[in-house]
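Structure data follow from entry.cif (mmCIF, C-alpha atoms):
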```
data_query
loop_
_atom_site.label_atom_id
_atom_site.label_comp_id
_atom_site.auth_asym_id
_atom_site.auth_seq_id
_atom_site.Cartn_x
_atom_site.Cartn_y
_atom_site.Cartn_z
CA MET A 211 7.63 10.78 11.03
CA ARG A 212 7.87 13.22 13.95
CA LYS A 213 7.65 16.93 13.43
CA LYS A 214 11.28 17.65 14.27
CA ASP A 215 12.38 15.15 11.62
CA ILE A 216 10.85 17.11 8.73
CA PRO A 217 13.86 17.84 6.52
CA ILE A 218 12.42 20.71 4.46
CA LYS A 219 11.79 24.16 5.92
CA VAL A 220 10.38 27.21 4.16
CA ASP A 221 11.08 30.59 5.77
CA TYR A 222 7.89 32.57 5.25
CA ASP A 223 9.59 35.85 6.25
CA LYS A 224 11.78 35.56 3.17
CA CYS A 225 9.29 33.82 0.81
CA THR A 226 6.69 36.56 0.61
CA SER A 227 5.21 36.30 -2.88
CA PRO A 228 5.31 32.67 -4.05
CA GLU A 229 2.56 33.41 -6.57
CA ASP A 230 4.97 35.51 -8.66
CA CYS A 231 7.98 33.21 -8.37
CA LYS A 232 7.04 29.51 -8.27
CA ILE A 233 10.61 28.47 -9.18
CA CYS A 234 10.79 25.83 -6.46
CA LEU A 235 7.54 24.26 -7.69
CA ASN A 236 9.01 23.97 -11.14
CA VAL A 237 12.35 22.46 -10.17
CA CYS A 238 11.17 19.99 -7.52
CA GLN A 239 11.47 16.58 -9.16
CA PRO A 240 9.10 14.53 -6.97
CA ALA A 241 6.71 17.56 -6.83
CA LEU A 242 6.43 17.47 -3.06
CA LEU A 243 6.21 21.24 -2.62
CA ILE A 244 2.70 22.57 -3.12
CA LEU A 245 1.16 26.01 -3.41
CA THR A 246 -1.76 26.09 -1.02
CA PHE A 247 -3.94 28.67 0.66
CA THR A 248 -4.05 29.82 4.24
CA ASP A 249 -7.27 29.43 6.17
CA LYS A 250 -8.49 32.98 5.68
CA ASP A 251 -8.90 33.98 2.07
CA TYR A 252 -8.67 31.13 -0.36
CA HIS A 253 -10.01 32.97 -3.37
CA ASP A 254 -6.98 35.22 -3.60
CA PRO A 255 -3.84 33.33 -4.70
CA LYS A 256 -1.72 36.23 -3.38
CA ASP A 257 -2.18 34.85 0.13
CA TRP A 258 -1.15 31.32 -0.76
CA LYS A 259 1.97 29.67 0.59
CA ILE A 260 4.56 27.11 -0.45
CA VAL A 261 4.20 24.07 1.80
CA PRO A 262 6.31 20.89 1.78
CA ALA A 263 3.44 18.40 1.75
CA PHE A 264 5.33 15.11 1.52
CA PRO A 265 8.80 15.50 3.06
CA THR A 266 9.30 11.71 2.98
CA LEU A 267 9.41 11.81 -0.82
CA CYS A 268 12.36 14.22 -0.85
CA ILE A 269 15.34 12.92 -2.83
CA ARG A 270 17.74 15.61 -1.44
CA CYS A 271 18.64 16.90 -4.89
CA ASN A 272 18.91 20.42 -3.37
CA LEU A 273 17.61 22.06 -6.56
CA CYS A 274 15.05 24.11 -4.63
CA VAL A 275 17.73 25.37 -2.20
CA GLU A 276 20.04 26.38 -5.05
CA GLN A 277 17.40 27.98 -7.25
CA CYS A 278 15.43 29.94 -4.64
CA PRO A 279 16.16 33.67 -5.24
CA GLN A 280 15.30 34.51 -1.61
CA ASN A 281 17.23 31.60 -0.05
CA ALA A 282 14.07 30.76 1.84
CA ILE A 283 14.23 26.96 1.61
CA SER A 284 16.50 24.75 3.67
CA VAL A 285 16.80 20.98 3.42
CA SER A 286 18.56 19.00 6.14
CA VAL A 287 20.97 16.38 4.85
CA LYS A 288 20.01 13.72 7.41
CA MET B 200 -15.63 -5.18 -13.39
CA CYS B 201 -14.44 -2.91 -10.61
CA LYS B 202 -16.33 -2.58 -7.32
CA TYR B 203 -17.99 0.65 -8.37
CA CYS B 204 -19.26 -0.94 -11.59
CA MET B 205 -20.82 -3.74 -9.57
CA ARG B 206 -22.57 -1.29 -7.25
CA HIS B 207 -23.50 1.53 -9.58
CA GLY B 208 -22.98 0.21 -13.09
CA ALA B 209 -26.21 -1.72 -13.79
CA ASN B 210 -24.29 -4.59 -15.44
CA GLY B 211 -21.91 -2.19 -17.14
CA LYS B 212 -19.32 0.38 -16.25
CA TRP B 213 -20.33 2.95 -13.66
CA TYR B 214 -19.23 5.87 -15.79
CA LEU B 215 -21.16 4.61 -18.81
CA ASN B 216 -24.43 4.27 -16.88
CA ALA B 217 -26.73 7.09 -17.99
CA LYS B 218 -28.33 7.14 -14.52
CA ASN B 219 -25.09 8.50 -13.07
CA TYR B 220 -25.31 11.71 -15.09
CA LEU B 221 -27.22 14.47 -13.39
CA THR B 222 -29.46 17.01 -15.03
CA LYS B 223 -30.66 20.22 -13.43
CA GLU B 224 -34.05 18.59 -12.77
CA SER B 225 -32.57 15.70 -10.79
CA GLU B 226 -33.63 15.29 -7.19
CA LYS B 227 -30.05 15.24 -5.86
CA PHE B 228 -28.77 18.03 -8.08
CA GLU B 229 -28.61 20.78 -5.44
CA ASP B 230 -26.83 18.50 -2.95
CA VAL B 231 -24.29 17.47 -5.57
CA LYS B 232 -23.75 21.06 -6.66
CA ASP B 233 -23.04 22.16 -3.08
CA TYR B 234 -20.75 19.17 -2.61
CA MET B 235 -18.79 20.04 -5.76
CA GLU B 236 -18.49 23.69 -4.74
CA VAL B 237 -16.94 22.87 -1.36
CA LEU B 238 -14.79 20.14 -2.91
CA TRP B 239 -13.29 22.32 -5.64
CA GLY B 240 -13.15 25.31 -3.33
CA ASN B 241 -10.90 23.41 -0.92
CA MET B 242 -8.98 21.28 -3.41
CA GLU B 243 -5.68 23.15 -3.04
CA ARG B 244 -5.78 22.62 0.70
CA LEU B 245 -6.64 18.93 0.39
CA TYR B 246 -3.25 17.59 1.55
CA LEU B 247 -3.40 19.78 4.66
CA ALA B 248 -7.07 19.16 5.49
CA LYS B 249 -7.75 17.28 8.69
CA ALA B 250 -9.50 13.91 8.68
CA LYS B 251 -10.31 12.74 12.22
CA GLY B 252 -7.60 15.00 13.67
CA ALA B 253 -4.78 13.91 11.35
CA ARG B 254 -3.61 15.87 8.34
CA LEU B 255 -4.17 14.01 5.07
CA ASN B 256 -0.53 14.24 3.97
CA LYS B 257 0.47 12.46 7.18
CA VAL B 258 -2.26 9.87 6.60
CA PHE B 259 -0.92 9.19 3.10
CA GLU B 260 2.63 8.84 4.42
CA LEU B 261 1.35 6.44 7.06
CA ALA B 262 -0.21 4.30 4.32
CA THR B 263 3.28 3.21 3.23
CA SER B 264 4.20 1.85 6.66
CA PRO B 265 4.26 -1.95 6.83
CA VAL B 266 1.66 -2.81 9.50
CA LEU B 267 -0.46 0.29 10.04
CA GLY B 268 -0.54 0.93 6.31
CA GLU B 269 -3.10 -1.79 5.56
CA GLU B 270 -5.50 -0.37 8.13
CA VAL B 271 -5.00 3.17 6.80
CA LYS B 272 -5.72 1.97 3.27
CA ARG B 273 -8.86 0.17 4.47
CA LEU B 274 -10.13 3.31 6.20
CA PHE B 275 -9.29 5.40 3.14
CA ASP B 276 -11.26 2.99 0.90
CA LYS B 277 -14.21 3.26 3.26
CA SER B 278 -14.18 7.05 3.19
CA ILE B 279 -13.78 7.41 -0.57
CA GLU B 280 -16.71 5.08 -1.28
CA LYS B 281 -19.26 7.32 0.42
CA THR B 282 -22.30 8.17 -1.66
CA ILE B 283 -24.29 11.39 -1.25
CA ASP B 284 -26.72 9.69 1.18
CA LEU B 285 -23.91 9.04 3.67
CA ASN B 286 -23.00 12.75 3.94
CA PRO B 287 -19.50 12.66 2.45
CA ASP B 288 -17.15 15.39 3.67
CA PRO B 289 -16.03 17.29 0.54
CA ARG B 290 -13.19 18.99 2.44
CA ILE B 291 -11.28 15.71 2.55
CA ALA B 292 -12.63 14.54 -0.84
CA GLU B 293 -14.82 11.72 0.45
CA GLY B 294 -16.66 10.15 -2.47
CA HIS B 295 -14.37 11.80 -5.02
CA VAL B 296 -13.00 8.64 -6.56
CA GLY B 297 -11.54 8.45 -10.04
CA GLN B 298 -10.79 5.87 -12.68
CA VAL B 299 -8.42 5.82 -15.62
CA ILE B 300 -10.20 5.49 -18.96
CA PRO B 301 -8.98 5.07 -22.53
CA LEU B 302 -9.56 7.77 -25.14
CA GLU B 303 -12.59 6.07 -26.73
CA GLU B 304 -14.49 5.98 -23.47
CA ALA B 305 -13.57 9.58 -22.67
CA LYS B 306 -15.15 10.48 -26.01
CA ILE B 307 -18.30 8.46 -25.26
CA ILE B 308 -18.66 10.13 -21.85
CA THR B 309 -18.16 13.68 -23.04
CA MET B 310 -19.93 13.49 -26.40
CA ASP B 311 -22.84 11.13 -25.75
CA LEU B 312 -23.58 11.00 -22.04
CA ALA B 313 -22.79 14.41 -20.54
CA ASP B 314 -25.14 17.20 -21.54
CA VAL B 315 -22.73 20.10 -20.82
CA ASN B 316 -18.95 20.13 -21.27
CA ILE B 317 -17.33 23.09 -19.58
CA LYS B 318 -13.60 23.73 -19.72
CA ALA B 319 -12.01 24.30 -16.33
CA MET B 320 -8.54 25.01 -14.96
CA CYS B 321 -6.67 22.09 -13.45
CA HIS B 322 -6.12 22.71 -9.74
CA CYS B 323 -3.65 19.83 -9.44
CA LYS B 324 -1.19 21.25 -11.98
CA TYR B 325 -1.49 24.68 -10.40
CA LYS B 326 -0.94 23.53 -6.85
CA HIS B 327 1.93 21.17 -7.70
CA ARG B 328 3.72 23.16 -10.39
CA GLY B 329 2.21 26.64 -10.49
CA ILE B 330 1.16 26.05 -14.09
CA LYS B 331 -2.26 27.19 -15.24
CA GLN B 332 -3.74 24.84 -17.82
CA ALA B 333 -7.34 24.27 -18.77
CA THR B 334 -7.24 20.47 -19.04
CA CYS B 335 -10.42 19.46 -17.21
CA LEU B 336 -13.91 18.99 -18.60
CA GLY B 337 -16.69 19.46 -16.07
CA PHE B 338 -20.29 18.37 -16.49
CA THR B 339 -23.62 19.78 -15.34
CA ALA B 340 -22.94 20.24 -11.61
CA VAL B 341 -19.49 21.71 -12.28
CA ALA B 342 -20.87 24.06 -14.93
CA GLU B 343 -23.43 25.37 -12.45
CA MET B 344 -21.03 26.06 -9.60
CA LEU B 345 -17.98 27.20 -11.58
CA PRO B 346 -18.87 30.94 -11.71
CA LYS B 347 -18.56 31.02 -7.90
CA LEU B 348 -14.92 29.90 -8.07
CA PRO B 349 -13.20 32.39 -10.39
CA ARG B 350 -9.78 30.76 -10.19
CA TYR B 351 -11.07 27.76 -12.17
CA ILE B 352 -12.29 29.84 -15.07
CA PRO B 353 -9.83 29.93 -18.01
CA GLU B 354 -8.37 33.30 -19.07
CA LYS B 355 -10.58 33.44 -22.15
CA GLY B 356 -13.67 33.11 -19.98
CA VAL B 357 -16.21 30.37 -19.49
CA GLU B 358 -16.12 28.04 -22.48
CA ILE B 359 -18.75 25.41 -23.19
CA LEU B 360 -17.47 22.94 -25.76
CA ASP B 361 -19.59 21.31 -28.45
CA ALA B 362 -19.05 17.76 -29.71
CA ASP B 363 -16.41 18.59 -32.35
CA LYS B 364 -14.37 20.75 -30.01
CA VAL B 365 -14.51 18.14 -27.25
CA GLU B 366 -13.21 15.49 -29.61
CA SER B 367 -10.28 17.60 -30.78
CA PHE B 368 -9.61 18.71 -27.19
CA LEU B 369 -9.37 15.11 -25.97
CA GLU B 370 -7.22 14.07 -28.92
CA ASN B 371 -4.92 17.01 -28.28
CA MET B 372 -4.57 16.00 -24.62
CA ASN B 373 -3.87 12.43 -25.66
CA GLN B 374 -1.20 13.57 -28.08
CA LYS B 375 0.45 15.56 -25.32
CA GLY B 376 0.63 12.37 -23.26
CA MET B 377 -2.00 13.07 -20.63
CA VAL B 378 -3.86 10.20 -19.02
CA HIS B 379 -7.65 10.45 -19.28
CA THR B 380 -9.43 9.99 -16.00
CA VAL B 381 -13.08 10.17 -15.01
CA PHE B 382 -13.91 11.55 -11.57
CA ALA B 383 -17.00 11.07 -9.46
CA GLY B 384 -18.41 13.78 -7.30
CA PRO B 385 -19.60 12.02 -5.18
CA ILE B 386 -19.75 8.41 -6.35
CA PRO B 387 -21.79 7.31 -8.39
CA TYR B 388 -22.39 10.69 -10.09
CA VAL B 389 -19.90 11.51 -12.80
CA ALA B 390 -18.47 15.01 -12.33
CA SER B 391 -15.58 15.50 -14.73
CA VAL B 392 -13.15 14.03 -17.23
CA CYS B 393 -9.60 15.19 -16.52
CA SER B 394 -6.26 14.91 -18.30
CA CYS B 395 -3.73 13.93 -15.67
CA ASP B 396 -0.04 13.30 -15.48
CA TYR B 397 2.07 11.85 -12.71
CA PRO B 398 3.24 13.36 -10.35
CA ASN B 399 1.31 16.58 -10.92
CA CYS B 400 -2.07 15.01 -10.17
CA ILE B 401 -3.41 14.49 -6.66
CA ALA B 402 -5.05 11.19 -7.52
CA LEU B 403 -2.23 9.59 -9.54
CA ARG B 404 0.42 10.82 -7.09
CA THR B 405 -1.34 9.39 -4.02
CA ARG B 406 -2.08 6.14 -5.83
CA LEU B 407 1.42 5.58 -7.18
CA ASP B 408 3.44 6.98 -4.26
CA PHE B 409 1.36 5.85 -1.32
CA GLY B 410 -0.76 3.01 -2.70
CA VAL B 411 -4.17 4.36 -1.66
CA ASN B 412 -7.07 3.75 -4.05
CA SER B 413 -7.83 7.37 -4.90
CA VAL B 414 -7.94 6.45 -8.58
CA LEU B 415 -8.67 2.99 -9.95
CA LYS B 416 -6.97 1.33 -12.89
CA ALA B 417 -8.96 1.12 -16.12
CA GLU B 418 -11.04 -1.89 -17.09
CA TYR B 419 -8.40 -2.73 -19.68
CA VAL B 420 -4.73 -3.59 -20.01
CA ALA B 421 -2.43 -3.07 -22.97
CA VAL B 422 -1.18 -6.15 -24.78
CA ILE B 423 1.40 -6.12 -27.55
CA ASP B 424 1.38 -8.15 -30.75
CA PRO B 425 5.10 -8.94 -31.32
CA ASN B 426 4.55 -9.78 -35.00
CA LYS B 427 3.18 -6.36 -35.89
CA CYS B 428 5.72 -4.28 -33.93
CA ILE B 429 8.44 -2.66 -36.05
CA GLY B 430 10.42 -1.24 -33.11
CA CYS B 431 9.84 2.47 -33.77
CA LYS B 432 9.98 3.29 -30.01
CA LYS B 433 7.15 5.81 -30.26
CA CYS B 434 5.30 4.16 -27.39
CA ALA B 435 8.39 4.03 -25.18
CA SER B 436 8.12 7.57 -23.86
CA ARG B 437 4.36 7.52 -23.36
CA CYS B 438 3.90 5.29 -20.31
CA GLN B 439 3.55 7.21 -17.03
CA PHE B 440 3.22 4.15 -14.86
CA GLY B 441 6.50 2.38 -15.58
CA ALA B 442 4.66 -0.52 -17.19
CA LEU B 443 6.03 -0.30 -20.72
CA GLN B 444 9.73 -0.80 -21.20
CA PHE B 445 11.52 -0.86 -24.53
CA SER B 446 13.81 -3.84 -24.79
CA PRO B 447 16.82 -3.21 -27.06
CA VAL B 448 17.50 -6.93 -27.29
CA LEU B 449 14.05 -7.85 -28.59
CA ASN B 450 13.68 -4.52 -30.45
CA ARG B 451 10.14 -4.22 -29.16
CA PRO B 452 8.52 -3.10 -25.90
CA ILE B 453 7.57 -5.38 -23.03
CA ILE B 454 4.45 -4.50 -21.06
CA ASP B 455 4.17 -5.38 -17.37
CA VAL B 456 0.45 -6.08 -16.96
CA LYS B 457 0.67 -5.79 -13.18
CA ARG B 458 1.72 -2.16 -13.49
CA CYS B 459 -0.40 -1.27 -16.52
CA PHE B 460 -3.23 1.17 -15.75
CA GLY B 461 -4.90 0.61 -19.11
CA CYS B 462 -4.90 4.26 -20.18
CA GLY B 463 -4.15 3.33 -23.81
CA LEU B 464 -1.59 6.08 -24.41
CA CYS B 465 0.86 3.56 -25.91
CA LYS B 466 -1.89 2.21 -28.16
CA GLU B 467 -2.73 5.66 -29.55
CA SER B 468 0.91 6.30 -30.46
CA CYS B 469 1.29 3.01 -32.36
CA GLU B 470 0.93 3.43 -36.10
CA GLU B 471 1.11 -0.31 -36.80
CA ASN B 472 -1.78 -1.15 -34.44
CA ALA B 473 0.53 -3.55 -32.62
CA ILE B 474 -0.84 -2.64 -29.18
CA LYS B 475 -4.42 -3.34 -28.24
CA LEU B 476 -6.44 -2.99 -25.07
CA VAL B 477 -7.95 -6.18 -23.69
CA ASP B 478 -10.33 -6.70 -20.79
CA ARG B 479 -8.53 -6.70 -17.41
CA ASP B 480 -10.69 -9.53 -16.10
CA GLY B 481 -9.61 -11.77 -18.98
CA ILE B 482 -6.05 -12.06 -17.61
CA PRO B 483 -5.97 -14.30 -14.50
CA ILE B 484 -3.03 -12.68 -12.70
CA ILE B 485 -4.66 -9.25 -12.51
CA ARG B 486 -8.32 -10.27 -12.41
CA GLY B 487 -10.21 -8.03 -9.98
CA LYS B 488 -7.15 -5.91 -9.17
CA TYR B 489 -8.01 -2.31 -9.91
#
```
Taking this structure as input, can you express it in the form of C-alpha cells?
Amino acid sequence: MRKKDIPIKVDYDKCTSPEDCKICLNVCQPALLILTFTDKDYHDPKDWKIVPAFPTLCIRCNLCVEQCPQNAISVSVK
Amino acid sequence: MCKYCMRHGANGKWYLNAKNYLTKESEKFEDVKDYMEVLWGNMERLYLAKAKGARLNKVFELATSPVLGEEVKRLFDKSIEKTIDLNPDPRIAEGHVGQVIPLEEAKIITMDLADVNIKAMCHCKYKHRGIKQATCLGFTAVAEMLPKLPRYIPEKGVEILDADKVESFLENMNQKGMVHTVFAGPIPYVASVCSCDYPNCIALRTRLDFGVNSVLKAEYVAVIDPNKCIGCKKCASRCQFGALQFSPVLNRPIIDVKRCFGCGLCKESCEENAIKLVDRDGIPIIRGKY
C-alpha cells in the first residue's frame, strides 16, 4: 500500500493530549489505532501519539471520526 | 512437539525445561537482562520500528500478500528464532517468540519453575486500548530490570507474588477469558507468562491478522465428548480464535481443530468435563502445525 493510499489521518495539531482522552482507542473495533511514543522521550506518556498502525485492517465504521471530541481523525471512504 | 521444543526442550517442552530458566548467577544473565530492558523499553514503538529499512507494520501488511507474503513470513521466522548468541535486535523483538499454554502449564511454570514472579503492567493493552492492567507475570530477568521502566510498575508498587497468589491470579485471569501465553526473551530463556486477548495483544493480533508466527499454538487441541455435553453454552463465548462454534441444531458446540490454539479456555468453563485437551501431534490433520 502506497503512502497516499492510507485512509486514516490524525491531525496532531488538534489531537494534543491523547493520554487524557483515548476515546478513539476504545471505540476502534479492529484496534488498529495505537498509542505510541515519539523518538525523544519514551518514558513520559504525555509525549505519546495516536498512530494508525494497520490502515489495511480498517472496516470504515467511522466510530473514531464521530467520537473524537477534537475532530482530529479523518477516514477516507475509498 | 513444536520446533522450539525440539531445539531447546531436551525431549520435552521448551518452557518446561528447567535449563531455560535463568537465575542471577547464570552466565548469560546480564545479556538477557539488557535485552529485556531494551525490548520492554521499546515495546510500544514496536509496530513503527524499522527492520532493514522497512517499518514493521508495513512488513506485517506485506505478509498477507499472495506471493511476497511467503518470503516475508520466512524472513520473520528466521528473525524471531534468534538466540542470544546470534545478537538478536530487541528493538524489533527478535527472539521474543511466544506460545499459547493451558492453565495447568501456566501454573507449573510460575509455581514450580520460575523463582520470582513479579506483576507487571501489560504494554499491549495500554498501547492498543489505553487500558492499564497488570496482567503479566515476569520472571528473574524482568524482575531485575523492571525498576528502570516505571511505566510497567503497577499503581500499588512492585509486587512479588507467592505461590498461592500466583495460582489465584492465573485462575482469575482464566475466568476473565484471557489466553495464557508464555514468552521467551530471547528464545530459549523463558521471560514471562502473560494473559492475552485478541486483538489487544501484539502477538495474537499479528498471528491472527497477518499470519506471522509471532506466537505458536499450544501443544494441545480441545476435543469435545458429545455424550457428556448438556448444551449449557458456557464455552460458546470463551473462544477467541473462532474455533468453537455452538450449533443450535446439535445443541452442542463443534470445535474446528485447524483453528484451535489449545488454550483450554473452553475446557475450564465446562462443568460437565465434556471438553478435554489432547496432544496436537495425535491428530493427523494438524500434526506439526503450530
*Do a neighbour search on A:Cys231 at 12 Å with all atoms listed in the file, toss out local chain neighbours closer than 3 positions, and write the hits as a list in words.*
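Residues meeting the cut-off are Cys225, Thr226, Ser227, Pro228, Cys234, Leu235, Asn236, Val237, Leu245, Lys256, Lys259, Ile260, Gln277, Cys278, Pro279 and Gln280 of chain A; Arg328, Gly329 and Ile330 of chain B.
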Next, dump the selected residues to file, keeping only C-alpha atoms, as a PDB file, keeping the file's coordinate frame.
```pdb
ATOM      1  CA  CYS A 225       9.290  33.820   0.810  1.00  0.00           C
ATOM      2  CA  THR A 226       6.690  36.560   0.610  1.00  0.00           C
ATOM      3  CA  SER A 227       5.210  36.300  -2.880  1.00  0.00           C
ATOM      4  CA  PRO A 228       5.310  32.670  -4.050  1.00  0.00           C
ATOM      5  CA  CYS A 234      10.790  25.830  -6.460  1.00  0.00           C
ATOM      6  CA  LEU A 235       7.540  24.260  -7.690  1.00  0.00           C
ATOM      7  CA  ASN A 236       9.010  23.970 -11.140  1.00  0.00           C
ATOM      8  CA  VAL A 237      12.350  22.460 -10.170  1.00  0.00           C
ATOM      9  CA  LEU A 245       1.160  26.010  -3.410  1.00  0.00           C
ATOM     10  CA  LYS A 256      -1.720  36.230  -3.380  1.00  0.00           C
ATOM     11  CA  LYS A 259       1.970  29.670   0.590  1.00  0.00           C
ATOM     12  CA  ILE A 260       4.560  27.110  -0.450  1.00  0.00           C
ATOM     13  CA  GLN A 277      17.400  27.980  -7.250  1.00  0.00           C
ATOM     14  CA  CYS A 278      15.430  29.940  -4.640  1.00  0.00           C
ATOM     15  CA  PRO A 279      16.160  33.670  -5.240  1.00  0.00           C
ATOM     16  CA  GLN A 280      15.300  34.510  -1.610  1.00  0.00           C
TER      17      GLN A 280
ATOM     18  CA  ARG B 328       3.720  23.160 -10.390  1.00  0.00           C
ATOM     19  CA  GLY B 329       2.210  26.640 -10.490  1.00  0.00           C
ATOM     20  CA  ILE B 330       1.160  26.050 -14.090  1.00  0.00           C
TER      21      ILE B 330
END
```
_Given the PyMOL selection byres ((chain A and resi 271) around 10), the residues it picks as a ChimeraX atom specification_ = /A:237-239,268-270,272-276,285
Which residues of chain B are close to chain A, meaning at most 10 Å apart when you count only C-alpha atoms, and how do they look as a compact mmCIF listing (two decimals) with C-alpha atoms, in the frame of the given file?
```txt
# COMPACT_ATOMS: atom_id res chain seq x y z
CA GLY B 240 -13.15 25.31 -3.33
CA ASN B 241 -10.90 23.41 -0.92
CA MET B 242 -8.98 21.28 -3.41
CA GLU B 243 -5.68 23.15 -3.04
CA ARG B 244 -5.78 22.62 0.70
CA LEU B 245 -6.64 18.93 0.39
CA TYR B 246 -3.25 17.59 1.55
CA LEU B 247 -3.40 19.78 4.66
CA ARG B 254 -3.61 15.87 8.34
CA LEU B 255 -4.17 14.01 5.07
CA ASN B 256 -0.53 14.24 3.97
CA LYS B 257 0.47 12.46 7.18
CA PHE B 259 -0.92 9.19 3.10
CA GLU B 260 2.63 8.84 4.42
CA LEU B 261 1.35 6.44 7.06
CA CYS B 323 -3.65 19.83 -9.44
CA LYS B 324 -1.19 21.25 -11.98
CA TYR B 325 -1.49 24.68 -10.40
CA LYS B 326 -0.94 23.53 -6.85
CA HIS B 327 1.93 21.17 -7.70
CA ARG B 328 3.72 23.16 -10.39
CA GLY B 329 2.21 26.64 -10.49
CA ILE B 330 1.16 26.05 -14.09
CA LYS B 347 -18.56 31.02 -7.90
CA LEU B 348 -14.92 29.90 -8.07
CA PRO B 349 -13.20 32.39 -10.39
CA ARG B 350 -9.78 30.76 -10.19
CA TYR B 397 2.07 11.85 -12.71
CA PRO B 398 3.24 13.36 -10.35
CA ASN B 399 1.31 16.58 -10.92
CA CYS B 400 -2.07 15.01 -10.17
CA ARG B 404 0.42 10.82 -7.09
CA ASP B 408 3.44 6.98 -4.26
```
_d(atom CA of A:Ala282, atom CA of A:Tyr222) in Å_ =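 Spanning atom CA of A:Ala282 to atom CA of A:Tyr222 is a straight-line distance of 7.3 Å.
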*Could you check which of B:Leu415, B:Cys438, B:Val420, B:Ala250 is closest to B:Lys202, using only C-alpha atoms?*
B:Leu415
*asked:* Can you measure atom CA of B:Lys232 to atom CA of B:Thr339 for me? One decimal in Å is fine.
replied: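 Here the two named atoms are 8.8 Å from each other.
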*Take atom CA of B:Ser264 and atom CA of B:Arg406 and report the distance between them in Å, one decimal.*
14.6 Å
_Given the PyMOL selection byres ((chain B and resi 448-452) around 9), the residues it picks as a PyMOL selection string_ = chain B and resi 423+425+428-432+434-435+443-447+453-454
*Residue neighbourhood B:Lys223, 12 Å, all atoms listed in the file, exclusion window fewer than 6 positions, as a list in words*: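 Residues near the query, excluding close chain neighbours: Glu229, Asp230, Val231, Lys232, Asp314, Val315, Phe338, Thr339, Ala340, Val341, Ala342, Glu343 and Met344 of chain B.
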*Best match for closeness to B:Asn412 among B:Gly337, B:Gly297, B:Gly268, B:Gly463, counting all atoms listed in the file*: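 Smallest distance to B:Asn412 is found for B:Gly297.
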*Hey, what's within 8 Å of stretch 370-372 of chain B if we count only C-alpha atoms and toss same-chain stuff fewer than 6 positions away? As a PyMOL selection string, please?*
chain B and resi 302+334+394
*Enumerate, as an MDAnalysis selection string, the protein, DNA and RNA residues whose atoms approach (-18.0, 17.8, -23.1) to within 12 Å, taking into account all atoms listed in the file and the coordinate frame of the file.*
chainID B and resid 305:319 334:339 341:342 358:369 390:393
*Which of these residues is nearest to B:Ala417, using only C-alpha atoms: B:Lys212, B:Lys375, B:Lys272, B:His295?*
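Using only C-alpha atoms, the shortest distance to B:Ala417 belongs to B:Lys212.
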Starting from the incomplete input, reconstruct N, CA and C atoms of stretch 219-232 of chain A and write that as a PDB file, in the frame of the given file.
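What landed in out_30.pdb:
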```pdb
ATOM      1  N   LYS A 219      12.387  23.012   5.222  1.00  0.00           N
ATOM      2  CA  LYS A 219      11.790  24.160   5.920  1.00  0.00           C
ATOM      3  C   LYS A 219      11.701  25.335   4.961  1.00  0.00           C
ATOM      4  N   VAL A 220      10.555  26.014   4.965  1.00  0.00           N
ATOM      5  CA  VAL A 220      10.380  27.210   4.160  1.00  0.00           C
ATOM      6  C   VAL A 220      10.252  28.396   5.118  1.00  0.00           C
ATOM      7  N   ASP A 221      11.108  29.389   4.924  1.00  0.00           N
ATOM      8  CA  ASP A 221      11.080  30.590   5.770  1.00  0.00           C
ATOM      9  C   ASP A 221      10.095  31.591   5.176  1.00  0.00           C
ATOM     10  N   TYR A 222       8.933  31.728   5.830  1.00  0.00           N
ATOM     11  CA  TYR A 222       7.890  32.570   5.250  1.00  0.00           C
ATOM     12  C   TYR A 222       8.188  34.063   5.380  1.00  0.00           C
ATOM     13  N   ASP A 223       9.187  34.435   6.210  1.00  0.00           N
ATOM     14  CA  ASP A 223       9.590  35.850   6.250  1.00  0.00           C
ATOM     15  C   ASP A 223      10.305  36.234   4.967  1.00  0.00           C
ATOM     16  N   LYS A 224      11.043  35.268   4.404  1.00  0.00           N
ATOM     17  CA  LYS A 224      11.780  35.560   3.170  1.00  0.00           C
ATOM     18  C   LYS A 224      10.912  35.275   1.934  1.00  0.00           C
ATOM     19  N   CYS A 225      10.137  34.198   1.966  1.00  0.00           N
ATOM     20  CA  CYS A 225       9.290  33.820   0.810  1.00  0.00           C
ATOM     21  C   CYS A 225       7.957  34.544   0.943  1.00  0.00           C
ATOM     22  N   THR A 226       7.883  35.747   0.384  1.00  0.00           N
ATOM     23  CA  THR A 226       6.690  36.560   0.610  1.00  0.00           C
ATOM     24  C   THR A 226       5.691  36.512  -0.534  1.00  0.00           C
ATOM     25  N   SER A 227       6.166  36.331  -1.771  1.00  0.00           N
ATOM     26  CA  SER A 227       5.210  36.300  -2.880  1.00  0.00           C
ATOM     27  C   SER A 227       5.446  35.078  -3.770  1.00  0.00           C
ATOM     28  N   PRO A 228       5.091  33.890  -3.267  1.00  0.00           N
ATOM     29  CA  PRO A 228       5.310  32.670  -4.050  1.00  0.00           C
ATOM     30  C   PRO A 228       4.524  32.655  -5.351  1.00  0.00           C
ATOM     31  N   GLU A 229       3.400  33.369  -5.384  1.00  0.00           N
ATOM     32  CA  GLU A 229       2.560  33.410  -6.570  1.00  0.00           C
ATOM     33  C   GLU A 229       3.305  33.963  -7.787  1.00  0.00           C
ATOM     34  N   ASP A 230       4.242  34.918  -7.538  1.00  0.00           N
ATOM     35  CA  ASP A 230       4.970  35.510  -8.660  1.00  0.00           C
ATOM     36  C   ASP A 230       6.216  34.720  -9.043  1.00  0.00           C
ATOM     37  N   CYS A 231       6.686  33.874  -8.163  1.00  0.00           N
ATOM     38  CA  CYS A 231       7.980  33.210  -8.370  1.00  0.00           C
ATOM     39  C   CYS A 231       7.804  31.761  -8.840  1.00  0.00           C
ATOM     40  N   LYS A 232       7.372  30.905  -7.965  1.00  0.00           N
ATOM     41  CA  LYS A 232       7.040  29.510  -8.270  1.00  0.00           C
ATOM     42  C   LYS A 232       8.205  28.712  -8.850  1.00  0.00           C
TER      43      LYS A 232
END
```
